[in-house]
Each structure stands twice: as C-alpha cells, then as structure tokens.
file final-v2.pdb (PDB, C-alpha atoms)
ATOM      1  CA  MET D   1       0.088  31.544 -22.594
ATOM      2  CA  LYS D   2       1.353  28.089 -23.415
ATOM      3  CA  LYS D   3       2.844  25.866 -20.700
ATOM      4  CA  PHE D   4       3.735  22.191 -20.507
ATOM      5  CA  TYR D   5       3.557  20.145 -17.317
ATOM      6  CA  LYS D   6       4.624  16.614 -16.432
ATOM      7  CA  ILE D   7       2.101  14.874 -14.176
ATOM      8  CA  GLY D   8       3.447  11.399 -13.480
ATOM      9  CA  PRO D   9       3.750   9.672 -16.871
ATOM     10  CA  VAL D  10       1.536  12.211 -18.656
ATOM     11  CA  THR D  11       2.431  15.523 -20.319
ATOM     12  CA  LEU D  12      -0.193  18.283 -20.144
ATOM     13  CA  LEU D  13      -0.400  21.421 -22.248
ATOM     14  CA  LEU D  14      -2.280  24.402 -20.805
ATOM     15  CA  GLN D  15      -3.033  26.907 -23.536
ATOM     16  CA  ASP D  16      -4.645  30.353 -23.260
ATOM     17  CA  PHE D  17      -5.827  29.560 -19.728
ATOM     18  CA  PRO D  18      -7.441  32.579 -18.003
ATOM     19  CA  THR D  19      -5.161  34.399 -15.591
ATOM     20  CA  ASN D  20      -4.307  37.826 -14.221
ATOM     21  CA  ASN D  21      -1.318  39.184 -16.117
ATOM     22  CA  ILE D  22      -0.352  41.518 -13.283
ATOM     23  CA  TYR D  23      -0.572  38.823 -10.589
ATOM     24  CA  PRO D  24      -0.402  35.520 -12.509
ATOM     25  CA  PHE D  25      -0.941  33.366  -9.429
ATOM     26  CA  ALA D  26      -3.692  31.132 -10.820
ATOM     27  CA  LEU D  27      -1.302  28.350 -11.831
ATOM     28  CA  TRP D  28       1.241  28.665  -9.033
ATOM     29  CA  LYS D  29       0.539  25.104  -7.866
ATOM     30  CA  ALA D  30       1.375  23.819 -11.341
ATOM     31  CA  ASP D  31       4.693  25.658 -11.658
ATOM     32  CA  ALA D  32       6.621  22.890  -9.886
ATOM     33  CA  TYR D  33       5.477  20.451 -12.594
ATOM     34  CA  THR D  34       6.774  22.479 -15.550
ATOM     35  CA  THR D  35       8.582  20.345 -18.118
ATOM     36  CA  ALA D  36      10.721  20.817 -21.211
ATOM     37  CA  GLU D  37       8.689  18.141 -23.035
ATOM     38  CA  THR D  38       6.527  19.568 -25.796
ATOM     39  CA  GLU D  39       4.488  16.580 -27.019
ATOM     40  CA  PRO D  40       1.291  16.681 -24.945
ATOM     41  CA  ASP D  41      -0.849  13.683 -24.102
ATOM     42  CA  ILE D  42      -3.652  16.025 -23.012
ATOM     43  CA  THR D  43      -4.289  19.600 -24.133
ATOM     44  CA  ILE D  44      -6.334  21.951 -21.951
ATOM     45  CA  SER D  45      -7.374  25.235 -23.564
ATOM     46  CA  TYR D  46      -9.765  28.126 -23.017
ATOM     47  CA  THR D  47     -12.268  28.851 -25.777
ATOM     48  CA  PRO D  48     -15.221  30.890 -24.411
ATOM     49  CA  GLU D  49     -18.407  29.379 -25.810
ATOM     50  CA  LEU D  50     -21.307  28.258 -23.620
ATOM     51  CA  ILE D  51     -22.369  24.793 -24.751
ATOM     52  CA  VAL D  52     -25.896  23.606 -24.068
ATOM     53  CA  PRO D  53     -25.685  19.987 -22.889
ATOM     54  CA  ASN D  54     -27.539  17.660 -25.234
ATOM     55  CA  GLY D  55     -26.458  14.412 -23.645
ATOM     56  CA  GLU D  56     -27.387  12.349 -20.605
ATOM     57  CA  CYS D  57     -26.723  13.781 -17.139
ATOM     58  CA  VAL D  58     -24.892  10.928 -15.419
ATOM     59  CA  LYS D  59     -23.778  12.590 -12.211
ATOM     60  CA  THR D  60     -25.033  15.430 -10.005
ATOM     61  CA  GLU D  61     -23.268  16.740  -6.903
ATOM     62  CA  ARG D  62     -24.827  19.400  -4.695
ATOM     63  CA  SER D  63     -23.236  21.633  -2.096
ATOM     64  CA  LEU D  64     -24.455  24.728  -0.281
ATOM     65  CA  PHE D  65     -23.654  27.187  -3.073
ATOM     66  CA  VAL D  66     -23.125  25.182  -6.278
ATOM     67  CA  VAL D  67     -24.354  22.198  -8.248
ATOM     68  CA  ARG D  68     -21.912  20.167 -10.352
ATOM     69  CA  ARG D  69     -23.244  18.115 -13.246
ATOM     70  CA  THR D  70     -21.555  15.669 -15.604
ATOM     71  CA  PHE D  71     -23.056  14.857 -18.994
ATOM     72  CA  VAL D  72     -22.128  12.180 -21.531
ATOM     73  CA  MET D  73     -22.465  13.779 -24.962
ATOM     74  CA  PRO D  74     -23.805  11.993 -28.078
ATOM     75  CA  ASP D  75     -20.303  11.741 -29.574
ATOM     76  CA  GLY D  76     -18.970  10.004 -26.457
ATOM     77  CA  GLY D  77     -17.358  13.103 -25.014
ATOM     78  CA  MET D  78     -18.012  14.523 -21.570
ATOM     79  CA  LEU D  79     -19.326  17.891 -20.458
ATOM     80  CA  TRP D  80     -18.843  19.040 -16.865
ATOM     81  CA  GLN D  81     -20.306  22.201 -15.443
ATOM     82  CA  GLN D  82     -20.774  24.021 -12.154
ATOM     83  CA  GLU D  83     -23.941  26.010 -11.616
ATOM     84  CA  ASP D  84     -25.014  28.625  -9.095
ATOM     85  CA  THR D  85     -27.701  27.133  -6.836
ATOM     86  CA  GLU D  86     -29.473  30.504  -6.562
ATOM     87  CA  ASN D  87     -30.347  30.987 -10.223
ATOM     88  CA  GLY D  88     -28.887  28.030 -12.120
ATOM     89  CA  ASN D  89     -26.372  30.116 -14.071
ATOM     90  CA  VAL D  90     -23.328  28.219 -15.374
ATOM     91  CA  ILE D  91     -20.206  29.409 -13.550
ATOM     92  CA  LEU D  92     -17.688  26.955 -14.984
ATOM     93  CA  GLN D  93     -17.907  24.555 -17.902
ATOM     94  CA  PHE D  94     -15.467  22.090 -19.457
ATOM     95  CA  ILE D  95     -15.979  19.825 -22.445
ATOM     96  CA  VAL D  96     -13.769  16.789 -23.111
ATOM     97  CA  ASP D  97     -13.484  14.926 -26.414
ATOM     98  CA  ALA D  98     -14.307  11.224 -26.651
ATOM     99  CA  GLU D  99     -10.634  10.181 -26.545
ATOM    100  CA  GLY D 100      -9.855  12.275 -23.485
ATOM    101  CA  LYS D 101      -7.080  14.166 -25.279
ATOM    102  CA  ASP D 102      -8.654  17.594 -25.717
ATOM    103  CA  VAL D 103     -10.182  19.521 -22.811
ATOM    104  CA  ARG D 104     -11.744  22.943 -23.377
ATOM    105  CA  LEU D 105     -12.722  25.380 -20.678
ATOM    106  CA  THR D 106     -15.760  26.988 -22.302
ATOM    107  CA  VAL D 107     -17.156  29.092 -19.433
ATOM    108  CA  ASP D 108     -15.389  30.830 -16.564
ATOM    109  CA  LYS D 109     -17.576  33.319 -14.713
ATOM    110  CA  SER D 110     -15.949  32.634 -11.357
ATOM    111  CA  GLU D 111     -14.059  35.960 -11.346
ATOM    112  CA  SER D 112     -11.071  34.108  -9.889
ATOM    113  CA  TYR D 113      -8.560  34.746 -12.721
ATOM    114  CA  GLY D 114      -8.476  31.052 -13.578
ATOM    115  CA  MET D 115      -7.954  29.724 -10.040
ATOM    116  CA  ALA D 116     -11.404  28.146  -9.681
ATOM    117  CA  ALA D 117     -11.177  26.678 -13.188
ATOM    118  CA  PHE D 118      -7.773  25.148 -12.503
ATOM    119  CA  GLU D 119      -8.894  23.668  -9.179
ATOM    120  CA  SER D 120     -12.046  22.289 -10.819
ATOM    121  CA  LEU D 121      -9.923  20.171 -13.125
ATOM    122  CA  THR D 122      -9.726  17.806 -10.139
ATOM    123  CA  PHE D 123     -13.214  16.591 -11.147
ATOM    124  CA  ILE D 124     -11.943  15.646 -14.624
ATOM    125  CA  ILE D 125      -8.193  15.074 -14.751
ATOM    126  CA  PHE D 126      -7.979  11.801 -12.842
ATOM    127  CA  TYR D 127     -10.424  10.139 -15.231
ATOM    128  CA  LEU D 128      -8.240  11.279 -18.115
ATOM    129  CA  LEU D 129      -5.153   9.882 -16.372
ATOM    130  CA  LEU D 130      -7.007   6.577 -15.939
ATOM    131  CA  ARG D 131      -7.130   6.292 -19.744
ATOM    132  CA  ARG D 132      -3.307   6.303 -19.630
ATOM    133  CA  GLY D 133      -2.849   3.579 -17.041
ATOM    134  CA  VAL D 134      -2.947   5.759 -13.930
ATOM    135  CA  LEU D 135      -4.866   4.512 -10.896
ATOM    136  CA  THR D 136      -5.977   7.133  -8.365
ATOM    137  CA  PHE D 137      -7.214   6.691  -4.812
ATOM    138  CA  HIS D 138      -8.982   9.208  -2.617
ATOM    139  CA  GLY D 139      -6.236   9.364  -0.041
ATOM    140  CA  VAL D 140      -2.971  10.867   1.107
ATOM    141  CA  LEU D 141       0.206   9.901  -0.734
ATOM    142  CA  MET D 142       3.095   9.914   1.722
ATOM    143  CA  GLU D 143       6.814   9.240   1.340
ATOM    144  CA  TYR D 144       8.775   7.734   4.199
ATOM    145  CA  SER D 145      12.383   6.570   3.878
ATOM    146  CA  SER D 146      12.106   6.812   0.053
ATOM    147  CA  LYS D 147       9.072   4.498   0.080
ATOM    148  CA  GLY D 148       5.507   5.409  -0.830
ATOM    149  CA  ILE D 149       2.493   4.777   1.399
ATOM    150  CA  ILE D 150      -1.121   5.569   0.508
ATOM    151  CA  ILE D 151      -3.493   6.322   3.378
ATOM    152  CA  SER D 152      -7.126   6.133   2.263
ATOM    153  CA  ALA D 153     -10.238   6.930   4.272
ATOM    154  CA  PRO D 154     -13.572   8.704   3.844
ATOM    155  CA  SER D 155     -13.535  12.484   4.160
ATOM    156  CA  GLU D 156     -13.138  13.784   7.722
ATOM    157  CA  GLU D 157     -12.076  10.352   8.980
ATOM    158  CA  GLY D 158      -8.536  11.439   9.855
ATOM    159  CA  LYS D 159      -6.239  10.400   7.011
ATOM    160  CA  THR D 160      -4.635  13.857   6.690
ATOM    161  CA  THR D 161      -4.228  14.140  10.462
ATOM    162  CA  HIS D 162      -2.478  10.768  10.561
ATOM    163  CA  ALA D 163      -0.213  11.635   7.626
ATOM    164  CA  ARG D 164       0.785  14.878   9.326
ATOM    165  CA  LEU D 165       1.682  12.917  12.450
ATOM    166  CA  TRP D 166       4.070  10.906  10.255
ATOM    167  CA  ARG D 167       5.430  14.170   8.883
ATOM    168  CA  ASP D 168       5.948  15.666  12.334
ATOM    169  CA  ASN D 169       7.258  12.539  14.088
ATOM    170  CA  LYS D 170       8.962  10.553  11.311
ATOM    171  CA  ASN D 171      10.040  13.291   8.873
ATOM    172  CA  ALA D 172       7.735  11.891   6.197
ATOM    173  CA  LEU D 173       6.787  13.926   3.128
ATOM    174  CA  ILE D 174       3.187  14.449   2.045
ATOM    175  CA  LEU D 175       3.264  14.257  -1.762
ATOM    176  CA  ASN D 176      -0.482  14.826  -2.036
ATOM    177  CA  SER D 177      -2.973  15.468   0.731
ATOM    178  CA  ASP D 178      -6.086  14.159  -1.049
ATOM    179  CA  ARG D 179      -5.321  12.304  -4.301
ATOM    180  CA  SER D 180      -2.948   9.331  -4.511
ATOM    181  CA  SER D 181      -2.100   8.582  -8.139
ATOM    182  CA  CYS D 182       0.149   5.764  -9.310
ATOM    183  CA  TYR D 183       1.130   3.818 -12.401
ATOM    184  CA  LYS D 184       3.064   0.651 -13.184
ATOM    185  CA  GLU D 185       6.541   1.019 -14.635
ATOM    186  CA  ASN D 186       9.008  -1.856 -15.087
ATOM    187  CA  ASP D 187       6.755  -4.087 -12.959
ATOM    188  CA  LYS D 188       6.768  -1.589 -10.062
ATOM    189  CA  TRP D 189       4.020   0.727  -8.882
ATOM    190  CA  ILE D 190       5.124   4.357  -8.764
ATOM    191  CA  GLY D 191       3.211   6.995  -6.801
ATOM    192  CA  PHE D 192       3.493  10.644  -7.800
ATOM    193  CA  GLY D 193       2.340  14.075  -6.705
ATOM    194  CA  THR D 194      -0.110  16.239  -8.651
ATOM    195  CA  PRO D 195      -1.196  19.875  -8.221
ATOM    196  CA  TRP D 196      -4.763  18.786  -7.355
ATOM    197  CA  CYS D 197      -4.741  18.000  -3.650
ATOM    198  CA  GLY D 198      -8.087  18.936  -2.126
ATOM    199  CA  THR D 199      -8.591  21.267   0.806
ATOM    200  CA  GLY D 200      -5.432  19.956   2.481
ATOM    201  CA  GLY D 201      -3.464  21.933  -0.076
ATOM    202  CA  GLU D 202      -0.248  19.886   0.182
ATOM    203  CA  ASN D 203       1.551  18.564  -2.887
ATOM    204  CA  ILE D 204       5.137  17.886  -3.951
ATOM    205  CA  ASN D 205       6.350  16.992  -7.432
ATOM    206  CA  ARG D 206       8.083  13.716  -6.583
ATOM    207  CA  ASN D 207       7.835  10.082  -7.683
ATOM    208  CA  VAL D 208       8.205   7.258  -5.178
ATOM    209  CA  PRO D 209       7.949   3.440  -5.333
ATOM    210  CA  LEU D 210       4.794   2.321  -3.557
ATOM    211  CA  LYS D 211       5.046  -0.217  -0.744
ATOM    212  CA  ALA D 212       1.652  -0.249   0.993
ATOM    213  CA  LEU D 213      -1.950   0.927   0.945
ATOM    214  CA  VAL D 214      -3.460   1.734   4.332
ATOM    215  CA  ILE D 215      -7.233   1.793   4.883
ATOM    216  CA  LEU D 216      -7.769   4.029   7.904
ATOM    217  CA  LYS D 217     -10.778   4.090  10.208
ATOM    218  CA  ARG D 218     -11.230   6.209  13.283
ATOM    219  CA  GLY D 219     -11.136   4.100  16.446
ATOM    220  CA  LYS D 220     -10.926   4.316  20.225
ATOM    221  CA  GLU D 221      -7.603   2.502  20.257
ATOM    222  CA  ASN D 222      -4.697   1.992  17.864
ATOM    223  CA  ARG D 223      -4.352  -1.287  16.027
ATOM    224  CA  ALA D 224      -3.127  -2.333  12.591
ATOM    225  CA  CYS D 225      -2.967  -5.588  10.669
ATOM    226  CA  VAL D 226      -2.488  -6.894   7.138
ATOM    227  CA  MET D 227      -5.942  -7.207   5.640
ATOM    228  CA  GLU D 228      -7.321 -10.649   4.840
ATOM    229  CA  ASN D 229      -7.681 -11.329   1.117
ATOM    230  CA  HIS D 230     -11.452 -11.846   1.113
ATOM    231  CA  LYS D 231     -12.001  -8.392   2.649
ATOM    232  CA  ILE D 232      -9.643  -6.371   0.473
ATOM    233  CA  LEU D 233     -11.758  -5.545  -2.580
ATOM    234  CA  ALA D 234     -14.791  -4.408  -0.584
ATOM    235  CA  GLU D 235     -12.613  -2.179   1.597
ATOM    236  CA  VAL D 236     -10.445  -0.720  -1.177
ATOM    237  CA  LEU D 237     -12.835  -0.184  -4.104
ATOM    238  CA  PRO D 238     -14.800   2.696  -2.495
ATOM    239  CA  HIS D 239     -11.556   4.703  -2.397
ATOM    240  CA  VAL D 240     -10.747   4.258  -6.108
ATOM    241  CA  MET D 241     -11.559   7.194  -8.378
ATOM    242  CA  TYR D 242     -13.283   6.032 -11.549
ATOM    243  CA  PRO D 243     -16.345   7.126 -13.562
ATOM    244  CA  ASN D 244     -18.900   4.408 -12.806
ATOM    245  CA  TYR D 245     -21.064   5.754 -15.639
ATOM    246  CA  ASN D 246     -18.399   4.765 -18.212
ATOM    247  CA  GLU D 247     -18.209   1.011 -18.681
ATOM    248  CA  ASN D 248     -14.843   0.983 -20.464
ATOM    249  CA  LEU D 249     -13.111   3.193 -17.898
ATOM    250  CA  THR D 250     -14.687   1.229 -15.055
ATOM    251  CA  ASP D 251     -13.225  -1.946 -16.572
ATOM    252  CA  SER D 252      -9.839  -0.204 -16.874
ATOM    253  CA  ALA D 253      -9.931   0.849 -13.225
ATOM    254  CA  LEU D 254     -10.859  -2.642 -12.046
ATOM    255  CA  SER D 255      -8.125  -4.202 -14.175
ATOM    256  CA  LEU D 256      -5.503  -1.791 -12.827
ATOM    257  CA  LEU D 257      -6.737  -2.328  -9.277
ATOM    258  CA  ASP D 258      -6.421  -6.107  -9.695
ATOM    259  CA  GLU D 259      -2.791  -5.696 -10.777
ATOM    260  CA  PHE D 260      -2.167  -3.263  -7.931
ATOM    261  CA  LEU D 261      -3.561  -5.585  -5.263
ATOM    262  CA  GLN D 262      -1.448  -8.488  -6.499
ATOM    263  CA  GLN D 263       1.694  -6.512  -5.614
ATOM    264  CA  ILE D 264       0.841  -3.969  -2.930
ATOM    265  CA  PRO D 265      -0.159  -5.127   0.585
ATOM    266  CA  VAL D 266      -3.244  -3.565   2.164
ATOM    267  CA  ILE D 267      -3.130  -2.623   5.841
ATOM    268  CA  SER D 268      -6.176  -2.047   8.026
ATOM    269  CA  LEU D 269      -5.594   0.729  10.577
ATOM    270  CA  GLU D 270      -7.951   1.722  13.375
ATOM    271  CA  CYS D 271      -6.515   4.699  15.186
ATOM    272  CA  THR D 272      -6.879   7.708  17.390
ATOM    273  CA  PRO D 273      -5.484  11.108  16.310
ATOM    274  CA  CYS D 274      -2.319  10.771  18.368
ATOM    275  CA  ALA D 275       1.355  10.026  17.736
ATOM    276  CA  ASP D 276       1.065   6.514  19.204
ATOM    277  CA  ALA D 277      -0.896   5.531  16.100
ATOM    278  CA  VAL D 278       2.182   6.241  13.986
ATOM    279  CA  ASP D 279       4.228   3.678  15.925
ATOM    280  CA  VAL D 280       1.457   1.088  15.664
ATOM    281  CA  LEU D 281       1.293   1.447  11.881
ATOM    282  CA  TYR D 282       5.075   1.591  11.610
ATOM    283  CA  ASP D 283       5.391  -1.758  13.405
ATOM    284  CA  CYS D 284       2.797  -3.322  11.076
ATOM    285  CA  LEU D 285       4.569  -1.949   7.996
ATOM    286  CA  GLU D 286       7.912  -3.416   9.084
ATOM    287  CA  GLY D 287       9.065  -5.687   6.297
ATOM    288  CA  PHE D 288       7.219  -3.687   3.630
ATOM    289  CA  ILE D 289       9.125  -0.422   4.068
TER     290      ILE D 289
END
call {"tool": "encode", "arguments": {"input": "final-v2.pdb", "output": "structure tokens"}}
result
Amino acid sequence: MKKFYKIGPVTLLLQDFPTNNIYPFALWKADAYTTAETEPDITISYTPELIVPNGECVKTERSLFVVRRTFVMPDGGMLWQQEDTENGNVILQFIVDAEGKDVRLTVDKSESYGMAAFESLTFIIFYLLLRRGVLTFHGVLMEYSSKGIIISAPSEEGKTTHARLWRDNKNALILNSDRSSCYKENDKWIGFGTPWCGTGGENINRNVPLKALVILKRGKENRACVMENHKILAEVLPHVMYPNYNENLTDSALSLLDEFLQQIPVISLECTPCADAVDVLYDCLEGFI
C-alpha cells in the first residue's frame, strides 16, 4: 500500500501501513485528504523491528492502561512508544529521523489493523508539521461564514460543547474537534483540518482564513472581551503544541506564535454551556468576522 495525503501545506506518504485487506477501514479518516501529489515532505512506513531505546527519556505520560514514553536518540532522532502498564510490553513504537522526514512504525501489537497506530501519530505529527512552519493549538478549529475561529481550552472545559452550539445555532463547520493547525501564506494565517482530532472525532478537509483565537473558560455567566496585550502570552502559550524538550523546535514555535499574535486577535470567553454564549461571543467577534 502506498498513499499520498495533503495535510495543509505538507504532503505525507503512508507506505506499507498495517491494515485489514478485507475491511481496510484503518485509514478511513485519511481518505478525504488523498492527493495526486507524489513528492512527500514526510514518509511514514511500517518496518517491523523492535528498537531498544538508547537515548534520554524526555517525556512520560501515564493513563489507566498504557504508558507513553518519548526518547531523544543519540543521532538527534526521536523514538516514541506505548507500553502496557501490566507488564511493560511495547504495544506501539515509532522512530523518527533527526530531520523529521522519515517516520517508521516499528512495532504494532495493538491488534487493531493499523487503527491504533494511525491514531497514535497524533503524538508525533504536529511536531513534524512545526518543522514546516505549521503552528498547532490544542483546540477546536471552526469555520463560520468562510472565516476561521480557534477555540482553545483545557480538556473537559467545554470548547467542543461551545463549538457544537455554533454548529447547531449558526451553521458553523467544525474542521477539527481537538487540534487547530495553521500556517502563514501570503501574509495570511490559514487554518486547516487534519485526520487527527481527538476523542471528538470531527474533522473536515478544508482550509479557511483565520480571524480570531478564543480562550475559553467555564463560567457562571457569559462574557467575552478582547484580551489585553500583557495577558495574551501567558493565556495562549499553554495551548500551543510544541516539544519543550527540543530547544530548536521550541524556538520555532515561539517565533511562529509571535507572528500569529501580531495578526490574530485573542478573545477571552467565560461561558456556560448554553446557546446564549454563542451570541455573546458573536457580538465580541463583530468586526473580526
């Protein structure tokens, strides 16, 4: 299997990725991003070969059933793996070269016909996009009246609920329910959908000019205002996806964010999970969208 996909400004090649030939549903979310371009910026392949990490473990994430670890290898590459918490066995493993151009899936014992491996790329792909001038926020990317709006908030704070209220009451489109990626083209910031969209599961392959970033917090009443300049960085930076263990990529993220904030207004929204909050934000966005 050899398929090319266009993710924003970047062309991906997926090669020999594990799947079920009878029911090849593992990559169904990627099908909408298929492209005729054949010059990949990033190649993702499957070459079964368990690699023993011999670099520094720079990040560990634990959940009820798995542990995810990220290692920086001696050659500057990255190794990411997911382990079973019961016995420490490696379930999934990816290794990325130092330039972020070649990604190899080296272990897939998930018995999911490639689905778990594809979804796990969410822990890697946005750092690779960052190398190519793409800034990504943890947030919902929404399109309203052909304009893009990012709604960022911590998990379980209500960003997806609010975006769905826009969808249901304003006919907005949710281009991604968990990752808001964008890049600068001809002096304009363009948001775009990707197949990796968290547990919300919503994504659309569309590009849209960005007009605002909304920082949402759950409140007892609905109020919105343009954020004061001295508060912006502290409020926005926690929602930016970047590898803080990589100095060069951290610098790239901060540089892109500085450019972004010079052009895109940031709105503070405190809201309840009701339709009235949509009107409050809409009134504050007037003039931007």
call {"tool": "atom_distance", "arguments": {"input": "final-v2.pdb", "atom1": "atom CA of D:Asp168", "atom2": "atom CA of D:Trp196"}}
result
22.6 Å
call {"tool": "atom_distance", "arguments": {"input": "final-v2.pdb", "atom1": "atom CA of D:Leu233", "atom2": "atom CA of D:Val266"}}
result
9.9 Å
call {"tool": "closest_residue", "arguments": {"input": "final-v2.pdb", "among": "D:Pro18, D:Pro53, D:Gly193, D:Pro238", "to": "D:Asp75", "atoms": "all atoms listed in the file"}}
result
D:Pro53
call {"tool": "axis_aligned_box", "arguments": {"input": "final-v2.pdb", "around": "stretch 247-263 of chain D", "padding_each_side": "6 Å", "output": "JSON"}}
result
{"center_x": -8.3, "center_y": -2.6, "center_z": -12.9, "size_x": 31.9, "size_y": 23.7, "size_z": 27.2}
call {"tool": "residues_around", "arguments": {"input": "final-v2.pdb", "residues": "D:Thr106", "least_positions_apart": "6", "cutoff": "12 Å", "atoms": "all atoms listed in the file", "output": "MDAnalysis selection string"}}
result
chainID D and resid 16:18 44:52 79:82 90:96 117
call {"tool": "atom_distance", "arguments": {"input": "final-v2.pdb", "atom1": "atom CA of D:Leu210", "atom2": "atom CA of D:Trp166"}}
result
16.3 Å
call {"tool": "residues_near_point", "arguments": {"input": "final-v2.pdb", "point": "(-26.1, 13.3, -13.4)", "cutoff": "12 Å", "atoms": "only C-alpha atoms", "output": "list in words"}}
result
Pro53, Gly55, Glu56, Cys57, Val58, Lys59, Thr60, Glu61, Arg62, Val67, Arg68, Arg69, Thr70, Phe71, Val72, Met78, Leu79, Trp80, Gln81, Pro243, Asn244 and Tyr245 of chain D
call {"tool": "resolve_selection", "arguments": {"input": "final-v2.pdb", "expression": "the PyMOL selection byres ((chain D and resi 144-160) around 6)", "output": "number ranges by chain"}}
result
D: 139-143, 161-163, 172, 208-216
call {"tool": "resolve_selection", "arguments": {"input": "final-v2.pdb", "expression": "the PyMOL selection byres ((chain D and resi 39) around 9)", "output": "list in words"}}
result
Phe4, Thr11, Leu12, Leu13, Glu37, Thr38, Pro40 and Asp41 of chain D
call {"tool": "residues_near_point", "arguments": {"input": "final-v2.pdb", "point": "(3.2, 2.7, -8.8)", "cutoff": "12 Å", "atoms": "all atoms listed in the file", "output": "ChimeraX atom specification"}}
result
/D:8-9,133-137,141,147-150,180-193,207-213,256-257,259-261,263-264
call {"tool": "resolve_selection", "arguments": {"input": "final-v2.pdb", "expression": "the PyMOL selection byres ((chain D and resi 199) around 12)", "output": "NGL selection string"}}
result
:D and (119 or 122 or 140 or 155-156 or 160 or 176-179 or 195-198 or 200-203)
call {"tool": "residues_around", "arguments": {"input": "final-v2.pdb", "residues": "D:Tyr127", "least_positions_apart": "4", "cutoff": "8 Å", "atoms": "all atoms listed in the file", "output": "ChimeraX atom specification"}}
result
/D:131,241-243,249
call {"tool": "closest_residue", "arguments": {"input": "final-v2.pdb", "among": "D:His230, D:Arg104, D:His239, D:Lys170", "to": "D:Leu281", "atoms": "all atoms listed in the file"}}
result
D:Lys170
call {"tool": "decode", "arguments": {"input": "final-v2.pdb", "residues": "stretch 235-248 of chain D", "atoms": "N, CA, C and O atoms", "output": "compact mmCIF listing (two decimals), in the first residue's frame"}}
result
# COMPACT_ATOMS: atom_id res chain seq x y z
N GLU D 235 -1.76 33.38 28.61
CA GLU D 235 -3.02 32.67 28.41
C GLU D 235 -2.97 31.74 27.19
O GLU D 235 -3.61 30.68 27.18
N VAL D 236 -2.21 32.13 26.18
CA VAL D 236 -2.20 31.38 24.92
C VAL D 236 -1.17 30.26 24.91
O VAL D 236 -1.44 29.16 24.42
N LEU D 237 0.02 30.51 25.44
CA LEU D 237 1.13 29.55 25.32
C LEU D 237 0.79 28.15 25.82
O LEU D 237 1.21 27.16 25.19
N PRO D 238 0.05 27.99 26.92
CA PRO D 238 -0.26 26.62 27.37
C PRO D 238 -1.07 25.80 26.36
O PRO D 238 -1.13 24.57 26.48
N HIS D 239 -1.67 26.45 25.38
CA HIS D 239 -2.49 25.74 24.39
C HIS D 239 -1.71 25.45 23.11
O HIS D 239 -2.26 24.82 22.19
N VAL D 240 -0.46 25.87 23.03
CA VAL D 240 0.36 25.62 21.84
C VAL D 240 1.04 24.26 21.98
O VAL D 240 1.58 23.91 23.04
N MET D 241 1.01 23.49 20.89
CA MET D 241 1.63 22.17 20.90
C MET D 241 3.07 22.27 20.37
O MET D 241 3.27 22.57 19.20
N TYR D 242 4.02 22.04 21.26
CA TYR D 242 5.42 22.07 20.86
C TYR D 242 6.20 21.17 21.81
O TYR D 242 5.81 20.97 22.96
N PRO D 243 7.31 20.59 21.35
CA PRO D 243 8.11 19.71 22.21
C PRO D 243 9.07 20.54 23.07
O PRO D 243 10.13 20.97 22.59
N ASN D 244 8.72 20.76 24.33
CA ASN D 244 9.55 21.64 25.17
C ASN D 244 10.92 21.03 25.48
O ASN D 244 11.78 21.70 26.03
N TYR D 245 11.12 19.77 25.10
CA TYR D 245 12.43 19.14 25.30
C TYR D 245 13.37 19.40 24.12
O TYR D 245 14.54 19.02 24.15
N ASN D 246 12.87 20.02 23.05
CA ASN D 246 13.67 20.32 21.87
C ASN D 246 13.81 21.83 21.74
O ASN D 246 12.85 22.53 21.43
N GLU D 247 15.00 22.33 22.00
CA GLU D 247 15.22 23.77 22.03
C GLU D 247 14.93 24.44 20.69
O GLU D 247 14.30 25.49 20.63
N ASN D 248 15.37 23.83 19.60
CA ASN D 248 15.18 24.43 18.28
C ASN D 248 13.70 24.51 17.91
O ASN D 248 13.22 25.53 17.40
